[in-house]
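Beneath this line is the structure, given in structure tokens, with notes to follow.
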Amino acid sequence: MKRRDFLKTGAIGITAPSAIFGDSNIIANKNNPIILSTYNHGLPANDAAWETLVNGGNAMDAAEAGARVTEADPTITSVGFGGLPDEQGNVTLDACVMDSSGNAGSVAFLQNIKHPVSVARKVMEDTKHVMLVGEGARQFAVSLGFEEMDLLTVESRQAWEEWEKNRREMTPHETHDTISVLVQDKNGDFAGACTTSGWAYKLHGRVGDSPIIGAGLFVDNEIGCAAATGLGEEVIKTTGSFLVVELMRQGYDPTVACEEALNRIIKAHNGTPDFQIGYIAIRKDGQIGSACLKWSFEYALARGGVNKLHKINGMI
Ligand code: ASP
């Protein structure tokens with residue numbers, strides 16, 4: 001029986017976390033932090049996250065530090081400074097964080113602030129809210145001393161001006177490249193961060209999955225964590241990252257959980273989706289997983305002193 005056939009028919013009951021992983025596995029993962037990030041820009045992000053852990057930071061500090069590296073890099077056209085703008089030429093950013101206590105913070109449709117991931121963390125830590133959007137999020141950031149700046153670079157402005165000439169709708173997989181950073185620290189605790197400029201040349205006001213807790217990112221310290229990249233609209237409709245974590249709770253291996261979450265999307269599109277989605281996941285026992293719908297996908301994994309890019313092929 002093929003693995004996917006098994007998934008269609010296999011009845012996996014809901015199991016208590018200790019029964020899934022066994023306490024010995026959880027203990028075995030102690031003192032062995034894991035950092036798992038999307039794409040090749042995950043490599044420098046992982047380095048920064050690793051350094052943060054080495055210097056005594058916790059999983060949340062590390063995830064934020066990793067995401068900030070990508071946000072600050074003007075050559076990455078899908079995140080933060082240098083991210084491609086919406087159809088009107090505005091760079092609008094989405095980000096969220098979630099920590100080991102189940103706390104979450106998020107910003108969406110944020111403009112002129114270089115580090116939305118840090119604003120999202122401030123929403124989590126300094127307010128009673130989970131999500132701030134648009135002008136309110138910007139005002140909140142400015143009130144905390146975040147500097148305002150033009151997030152268009154010469155290159156991203158030129159790219160938008162070129163696009164403006166015929167306004168061809170970009171297919172989602174052409175430009176999507178969110179950074180998601182999942183961290184399990186030496187105590188076995190999780191945190192995650194996710195940040196993006198979203199779908200290039202999107203409608204003004206569009207928000208993707210990346211700032212939506214449960215869609216772009218989900219952390220459950222008992223079970224594991226997951227994050228998404230790709231066509232956010234489809235991830236939102238299936239509450240993708242939450243689904244991956246819940247499948248792990250039911251006993252699915254992390255990669256199979258990612259695949260099963262993607263199976264729902266494949267089915268909804270009659271077996272032939274024409275867009276990309278990728279998931280990454282870490283389970284409490286330290287096992288990691290990933291899957292993507294089509295073509296290929298890369299994730300960066302740092303553990304045991306090695307930070308390496310891994311390539312996987314699409315399911316269809
Ligand atoms: N998921 C992001 C969004 O839809 C984009 C991406 O991952 O590349 O905004």
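A note on labels: chains of the structure tokens are A, B, ... as shown, every chain counts residues from 1, and ligands are counted from 1 in their shown order.
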Next on the checklist: To check your reading of the model: which residues sit at most 10 Å from ligand 1 when counting only C-alpha atoms and all ligand atoms? Write the answer as a ChimeraX atom specification.
Outcome noted: /A:38,78-79,93-95,172-180,194-200,202,206-211,215-216,227-236,276-279
I'd like the neighbourhood of Met124 in chain A as a tab-separated table (two decimals) with C-alpha atoms, in the first residue's frame, where a residue qualifies if any of its atoms comes within 7 Å (using only C-alpha atoms), though same-chain residues fewer than 3 positions away should be ignored.
chain	number	residue	atom	x	y	z
A	103	ASN	CA	1.15	33.43	23.09
A	104	ALA	CA	0.92	34.99	19.67
A	105	GLY	CA	1.37	38.37	18.01
A	120	ALA	CA	4.49	41.35	15.93
A	121	ARG	CA	6.48	40.29	18.98
A	127	THR	CA	-0.61	44.49	24.33
A	129	HIS	CA	-4.25	41.86	21.44
A	130	VAL	CA	-3.00	39.33	18.94
Item to check | Atomic distance CA of Gln111 in chain A - CA of Glu147 in chain A, expressed in Å with one decimal | outcome: 11.3 Å
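Distance-wise, CA of Leu53 in chain A and CA of Gly214 in chain A end up 25.1 Å apart.
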Checklist entry - Quick one: DSSP helix (DSSP H, G or I) residues in range 74-286 of chain A, as a count of residues only? => result 67
Next on the checklist: Please determine, counting only C-alpha atoms, which residue among A:Val181, A:Leu243, A:Phe146, A:Cys96 has the shortest atom-to-atom distance to Ala300 in chain A.
Outcome noted: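 Nearest to Ala300 in chain A: A:Val181.
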